Each structure stands twice: as structure tokens, then as C-alpha cells.
Amino acid sequence: MATAPRVPREGKRGCRDHLVSGAPELACFFLPVPVLLSPTHCRICGETWVLHVEPRHSQGKHLGSIDHDDTERRFVLMDKDSSAAAESALSCSRCGKPAYLQCPKCVELKLPREGAAFCTQDCFKASWSSHKSVHLKSKLANVQSEQTQDGWLYCLRKGQTRTSELPYFDWTGALRPYPISQRRLVPEGLEKPDWAVDGIPKIEPNSDLQNIVEIKTPEQIERMRETCRIAREVLDAAARIIRPGITTDEIDEVVHQATIAAGGYPSPLNYHFFPKSCCTSVNEVICHGIPDARKLEDGDIVNVDVTVYYKGVHGDLNETFFVGEVDEASQQLVRCTYECLEKAISIVKPGVRFREVGEVINRHATMSGFAVVKSYCGHGIGELFHCAPNIPHYGRNKAVGIMKAGQTFTIEPMINAGVWRDRLWPDGWTAVTSDGKRSAQFEHTLLVTETGVEVLTARLPSSPKVFPWLNS
């Protein structure tokens, strides 16, 4: 028999000897449920102890631990003197008779004794199928408690769940998710979108602007200009800290603080439960990467996607940055993506069909040997984060409508080094290339004017000079 993980007191080996010899029926058998805790007395010292055993058998001896219903249990010795009187007053959770035995898993989880006491092993077996749900609920509560105390956990279910273990997934590339920190706080005085508290947009899904492309008023346009300038300054602040050794969580912290300092709210934060204030998409991540504890490495590429909510409107942009020395293939991918956006912007003016944007982007990307992602598209923006029109970035798309002065929308091509197809990580947000090859993206918020286009999120004279092709 394996030794207990704890010896109650020096020189008390007789207690363990007695537990085996005094209760031989516990030494060797199979059970579909754990064995209950049963009091017994030491033949040497007379003290009362409890033996916690697990149904595992090998040549007539217990081996000490086993995984059973996704839990692990070991032989445990526990002093019973202090609790004997209290336990004698307990009733069986199944039949109500006086109970002197306890569920070992409940003891391990430190659950209340009232719901863990049973009169016999038969009662315990009979109630096991329903009783074990108590353990699951306790585990979930512990996860939430751990999140409150520590915060660094893996994200699941679009931000609604956390786990301490790396989720199982057929990863397409070398990148893996890392634990994420707790959701960052926002001061009370700031104007917030309607999802800020509970994660659920109320106005956006049912708005008429999901089907009608809004023509902005001069007053709305002026607010859009202010908001988009703030968004640009926030992204520039993030760009300045990008280097090997920085975590994407630290990038998120900069974005969060810079947005709040400007009087805005980071639009992604809690949008459909998204847990962070910006998206950081590294290497094979196409979009919606969640900032986490992973440190950026020399040779990475990282996209930072920022959206700011200010004075009742949103401003949205993103750029893909080099981390240290990046290989030539990645440089070509990022530059091609930048050029795809520039070429698309150059055709924006009243009377142009929305579907033509995808034709321009697709032509340049394919001529460069790259593929255009088809799963995500540009969108209308203003008082709503996402609304009509939808603007696909690939060729032969079926987008309807034409551009008119006063419309505001984003163009944000995602270009892959390999195939265009994507897969979704277990967090429910992170879209990655299906072949594990790299992806890049650039985005601007645009205003259609009477004569052409105004890039509301355009680079400023103060913007960091991070793209070599703009410096020549």
C-alpha cells in the first residue's frame, strides 16, 4: 500500500498500520465511486482517524492515486477528534439517517459537511450520479475565484469563460494562446457604448442602419473627425512601444490608458464579451487576436487594431508592424497589404460601386502571389460600431450599393501568405490562417466627400516612421 502524503505525527506509523489491518475490507476492491471516509482507531495511541482511499487495485494493493471522473484523489489521513461531535449530528444527504461517513472529494474541495455526509456506502453509491455535480459547481466557482484573485487565465467562449489550462486545439501554426489578464477598468465619468456593462449591444443589431447606408450630417462628420484623430494617436502610442520582449497585454494597456486619457472608451472592450481594449494579431493570426502574456519575438509581425468611442461615435483603424528584424517574405506581405489598402482608397468617390473595392484589392494581392481573406469585410461606422455597408475585399463579390457623399465606412484588407481560408481558436475570437502561414492587415475609416475621399484616420506628421517604404 502506498504511503499517505502526510504523516500526522512523528512515530505514529502504527496509525497507518492499524488502518490497513483494522479495516481489511478497504484494502482491495473495485468501486464505481470513491470510497467514503470512515473513522477508525489506532491500536497504539487510540486516536481517531479517517482513511481516504481511492478505488485502484493492483495485486491486492492500493497504489495511492487515480484519475476518476476527471479528479485525482490520494490516501489521506485526517485527525477526527476535533470534529467527531459535530459529525455525529449530521444526517445522510440521501436518506436522512445519522451519518458518520463523508464524500472524500467534498473533503478535498473543502465543501460544507452537511451536503457531503452519508450513512452507508450504499447510500453514497446510489446518490453518486447526482452528488458529483456538486464537485463540478465547486470547480467552476474556484475558477471564477482564481480569476478574481489572479486574472491570468486562458480565454474561452468569446470571453465568457476562463480556464487555467491551455485548451486543446489542432493548432495550424507555431503560435499558441497565452493567459490573459483581468478586464481593465474604465472611469465612471466616461461616455460608454451600451455593451460596456453586460457585453451585449442593444441598439446595433436591430438598427435600420444595418440595411440602409447612412448619410452623415455635418455635425456627425465633425465628431467622426475628432474621434478618428484620437484613434490615430492611440494607435501611434501603441506603435512606439512595439519591440521584442513586449507582451501584447502591455500593448493593450497602452491603448487602454491612452484612450481613457483622451476622454474616450475603447470600443472593443466587452463588445460581445471581447475581453480587451484592442486586438493584437501576431504572425498567422488574421484578425481579432486577444492581447495576452506572450512576449513578442524578433522576427514577428503584429497587427494592432484600435477603435475609440468618443462623443457618441466610433473611429476604427489598424496597422501591421515589424518586430525587430523581419524576414523578406514577411516584409513583402506587409507592404503588399498596405498597398492593397492604398489602391482601394484611391478609387473611393461618389458613384463607385462598393463591390469594386474587392476587385482592386484582389487584383493587386494575387499579382503579388498572396491570397485575400473572404471571411471578414469592411463595414459602415459612426454612431454604430458595425453597420451597412459591408465591403468585401475579394474579387467577384456581391456587395450592393454605390458610394455617396457623407457615407463613412472602413476598408480593411486581410492578406495571407498562403491560402485564404481561416480557422477559429477555442477562445471564439482569434481567426488564424488554416495553413499556419502569416497574415497582414491595414485599415482606415473613410469619409466619402463630394469630390473623392477623406481618410479620417490618416497618419499624422507626428506618427512614428515605422514603414521603410514611406521613408524613401
# chains A, B, ... in the order shown; residues from 1 in each chain; ligands from 1

call {"tool": "residues_around", "arguments": {"residues": "Phe385 in chain A", "least_positions_apart": "4", "cutoff": "10 Å", "atoms": "only C-alpha atoms", "output": "PyMOL selection string"}}
result
chain A and resi 193+201+204+267-268+271+307-309+313-316+379-381

call {"tool": "select_by_dssp", "arguments": {"residues": "range 218-354 of chain A", "states": "alpha helix (DSSP H)", "output": "PyMOL selection string"}}
result
chain A and resi 218-241+248-261+328-346

call {"tool": "closest_residue", "arguments": {"among": "A:Leu269, A:Cys377, A:Ile260, A:Met224", "to": "Gly312 in chain A", "atoms": "only C-alpha atoms"}}
result
A:Met224

call {"tool": "closest_atom_pairs", "arguments": {"of": "range 264-358 of chain A", "to": "range 247-258 of chain A", "cutoff": "6 Å", "atoms": "only C-alpha atoms", "output": "tab-separated table"}}
result
residue	atom	partner	partner_atom	distance
A:Ser277	CA	A:His256	CA	5.7
A:Cys278	CA	A:Asp252	CA	6.0
A:Pro291	CA	A:Asp249	CA	4.7
A:Asp292	CA	A:Asp249	CA	4.7
A:Ala293	CA	A:Thr247	CA	5.6
A:Arg294	CA	A:Thr247	CA	5.3
A:Lys295	CA	A:Thr247	CA	4.1
A:Leu296	CA	A:Thr247	CA	5.8

call {"tool": "write_last_selection", "arguments": {"atoms": "N, CA and C atoms", "output": "compact mmCIF listing (two decimals), in the first residue's frame"}}
result
# COMPACT_ATOMS: atom_id res chain seq x y z
N SER A 277 -9.08 45.79 -24.78
CA SER A 277 -9.36 47.12 -25.32
C SER A 277 -8.90 47.29 -26.76
N CYS A 278 -8.17 46.35 -27.29
CA CYS A 278 -7.76 46.36 -28.70
C CYS A 278 -7.54 44.92 -29.14
N PRO A 291 -5.08 40.27 -26.78
CA PRO A 291 -3.81 40.56 -26.08
C PRO A 291 -3.62 39.64 -24.88
N ASP A 292 -2.39 39.08 -24.76
CA ASP A 292 -2.14 38.13 -23.68
C ASP A 292 -0.72 38.28 -23.17
N ALA A 293 -0.24 37.26 -22.46
CA ALA A 293 1.05 37.33 -21.78
C ALA A 293 2.23 36.96 -22.67
N ARG A 294 1.99 36.60 -23.91
CA ARG A 294 3.10 36.23 -24.79
C ARG A 294 3.96 37.44 -25.13
N LYS A 295 5.28 37.26 -25.04
CA LYS A 295 6.21 38.31 -25.41
C LYS A 295 6.47 38.26 -26.92
N LEU A 296 6.44 39.41 -27.55
CA LEU A 296 6.77 39.48 -28.97
C LEU A 296 8.23 39.08 -29.18

call {"tool": "closest_residue", "arguments": {"among": "A:Ile241, A:Val285, A:Val304, A:Ile180", "to": "Gly159 in chain A", "atoms": "only C-alpha atoms"}}
result
A:Ile180

call {"tool": "closest_residue", "arguments": {"among": "A:Leu424, A:Ile415, A:Ala329, A:Leu317", "to": "Arg363 in chain A", "atoms": "only C-alpha atoms"}}
result
A:Ile415

call {"tool": "closest_atom_pairs", "arguments": {"of": "range 137-247 of chain A", "to": "range 448-467 of chain A", "cutoff": "9 Å", "atoms": "only C-alpha atoms", "output": "Markdown table"}}
result
| residue | atom | partner | partner_atom | distance |
| --- | --- | --- | --- | --- |
| A:Met224 | CA | A:Leu456 | CA | 7.6 |
| A:Arg225 | CA | A:Leu456 | CA | 5.8 |
| A:Glu226 | CA | A:Leu456 | CA | 8.8 |
| A:Thr227 | CA | A:Leu456 | CA | 8.9 |
| A:Cys228 | CA | A:Thr457 | CA | 5.2 |
| A:Arg229 | CA | A:Thr457 | CA | 6.0 |
| A:Ile230 | CA | A:Thr457 | CA | 8.7 |
| A:Ala231 | CA | A:Thr457 | CA | 7.2 |
| A:Arg232 | CA | A:Thr457 | CA | 5.6 |
| A:Glu233 | CA | A:Ser463 | CA | 7.7 |
| A:Asp236 | CA | A:Ser463 | CA | 5.8 |
| A:Ala237 | CA | A:Ser463 | CA | 8.7 |
| A:Ala239 | CA | A:Pro464 | CA | 7.2 |
| A:Arg240 | CA | A:Pro464 | CA | 6.7 |

call {"tool": "closest_residue", "arguments": {"among": "A:Asn471, A:Thr320, A:Ser346, A:Gln407", "to": "Arg438 in chain A", "atoms": "only C-alpha atoms"}}
result
A:Thr320

call {"tool": "atom_distance", "arguments": {"atom1": "CA of Glu191 in chain A", "atom2": "CA of Phe273 in chain A"}}
result
18.4 Å

call {"tool": "select_by_dssp", "arguments": {"residues": "range 285-372 of chain A", "states": "strand (DSSP E or B)", "output": "NGL selection string"}}
result
:A and (285-287 or 295 or 301-310 or 313-322 or 353 or 371-372)

call {"tool": "write_last_selection", "arguments": {"atoms": "N, CA, C and O atoms", "output": "short mmCIF file (atom, residue, chain, number, x, y, z; two decimals), in the first residue's frame"}}
result
data_model
loop_
_atom_site.label_atom_id
_atom_site.label_comp_id
_atom_site.auth_asym_id
_atom_site.auth_seq_id
_atom_site.Cartn_x
_atom_site.Cartn_y
_atom_site.Cartn_z
N VAL A 285 -2.15 34.94 -37.14
CA VAL A 285 -3.47 35.43 -36.75
C VAL A 285 -3.95 36.45 -37.78
O VAL A 285 -3.27 37.43 -38.06
N ILE A 286 -5.12 36.22 -38.33
CA ILE A 286 -5.69 37.10 -39.35
C ILE A 286 -6.29 38.35 -38.71
O ILE A 286 -6.03 39.48 -39.14
N CYS A 287 -7.10 38.16 -37.68
CA CYS A 287 -7.74 39.30 -37.00
C CYS A 287 -8.29 38.85 -35.66
O CYS A 287 -8.38 37.66 -35.37
N LYS A 295 5.28 37.26 -25.04
CA LYS A 295 6.21 38.31 -25.41
C LYS A 295 6.47 38.26 -26.92
O LYS A 295 6.69 37.19 -27.48
N ILE A 301 5.53 39.58 -36.84
CA ILE A 301 4.75 40.73 -37.28
C ILE A 301 3.52 40.78 -36.39
O ILE A 301 3.00 39.74 -35.96
N VAL A 302 3.03 41.98 -36.07
CA VAL A 302 1.87 42.11 -35.19
C VAL A 302 0.97 43.23 -35.67
O VAL A 302 1.43 44.34 -35.94
N ASN A 303 -0.30 42.91 -35.81
CA ASN A 303 -1.29 43.92 -36.16
C ASN A 303 -1.97 44.42 -34.89
O ASN A 303 -2.34 43.62 -34.03
N VAL A 304 -2.10 45.72 -34.77
CA VAL A 304 -2.82 46.32 -33.64
C VAL A 304 -4.03 47.04 -34.20
O VAL A 304 -3.91 47.94 -35.04
N ASP A 305 -5.21 46.63 -33.74
CA ASP A 305 -6.48 47.16 -34.23
C ASP A 305 -7.13 47.97 -33.10
O ASP A 305 -7.46 47.44 -32.05
N VAL A 306 -7.30 49.27 -33.35
CA VAL A 306 -7.79 50.20 -32.33
C VAL A 306 -9.11 50.80 -32.79
O VAL A 306 -9.25 51.21 -33.95
N THR A 307 -10.08 50.83 -31.90
CA THR A 307 -11.32 51.57 -32.14
C THR A 307 -11.64 52.38 -30.90
O THR A 307 -11.57 51.86 -29.78
N VAL A 308 -11.96 53.66 -31.10
CA VAL A 308 -12.26 54.57 -29.99
C VAL A 308 -13.70 55.06 -30.10
O VAL A 308 -14.17 55.37 -31.21
N TYR A 309 -14.38 55.09 -28.97
CA TYR A 309 -15.73 55.65 -28.88
C TYR A 309 -15.63 56.98 -28.14
O TYR A 309 -15.19 57.04 -26.99
N TYR A 310 -16.02 58.05 -28.83
CA TYR A 310 -15.88 59.40 -28.26
C TYR A 310 -16.98 60.28 -28.84
O TYR A 310 -17.24 60.26 -30.05
N VAL A 313 -19.58 58.55 -31.21
CA VAL A 313 -19.25 57.90 -32.48
C VAL A 313 -17.95 57.10 -32.33
O VAL A 313 -17.16 57.32 -31.41
N HIS A 314 -17.72 56.19 -33.29
CA HIS A 314 -16.55 55.32 -33.28
C HIS A 314 -15.58 55.70 -34.39
O HIS A 314 -15.99 56.12 -35.48
N GLY A 315 -14.29 55.51 -34.12
CA GLY A 315 -13.24 55.65 -35.12
C GLY A 315 -12.36 54.41 -35.08
O GLY A 315 -11.89 54.01 -34.01
N ASP A 316 -12.11 53.79 -36.25
CA ASP A 316 -11.52 52.45 -36.32
C ASP A 316 -10.36 52.43 -37.31
O ASP A 316 -10.49 52.90 -38.44
N LEU A 317 -9.22 51.89 -36.88
CA LEU A 317 -8.08 51.73 -37.78
C LEU A 317 -7.15 50.65 -37.25
O LEU A 317 -7.21 50.30 -36.07
N ASN A 318 -6.31 50.11 -38.13
CA ASN A 318 -5.27 49.18 -37.68
C ASN A 318 -4.10 49.20 -38.63
O ASN A 318 -4.22 49.60 -39.79
N GLU A 319 -2.95 48.75 -38.11
CA GLU A 319 -1.73 48.63 -38.91
C GLU A 319 -0.96 47.41 -38.46
O GLU A 319 -1.08 46.97 -37.30
N THR A 320 -0.18 46.85 -39.36
CA THR A 320 0.68 45.70 -39.04
C THR A 320 2.12 46.17 -38.94
O THR A 320 2.63 46.83 -39.85
N PHE A 321 2.77 45.83 -37.82
CA PHE A 321 4.10 46.33 -37.51
C PHE A 321 5.14 45.21 -37.53
O PHE A 321 4.81 44.04 -37.27
N PHE A 322 6.38 45.58 -37.78
CA PHE A 322 7.50 44.66 -37.71
C PHE A 322 8.06 44.65 -36.29
O PHE A 322 8.18 45.69 -35.65
N ARG A 353 -19.20 51.68 -57.21
CA ARG A 353 -19.86 50.55 -56.56
C ARG A 353 -18.98 49.98 -55.45
O ARG A 353 -17.78 49.86 -55.60
N ALA A 371 -3.07 35.78 -51.06
CA ALA A 371 -4.50 35.47 -51.09
C ALA A 371 -5.27 36.44 -50.21
O ALA A 371 -4.78 36.87 -49.15
N VAL A 372 -6.49 36.76 -50.62
CA VAL A 372 -7.34 37.70 -49.87
C VAL A 372 -8.33 36.92 -49.02
O VAL A 372 -9.05 36.04 -49.51
#

call {"tool": "closest_residue", "arguments": {"among": "A:Leu90, A:Lys132, A:Val400, A:Gly299", "to": "Cys106 in chain A", "atoms": "only C-alpha atoms"}}
result
A:Lys132
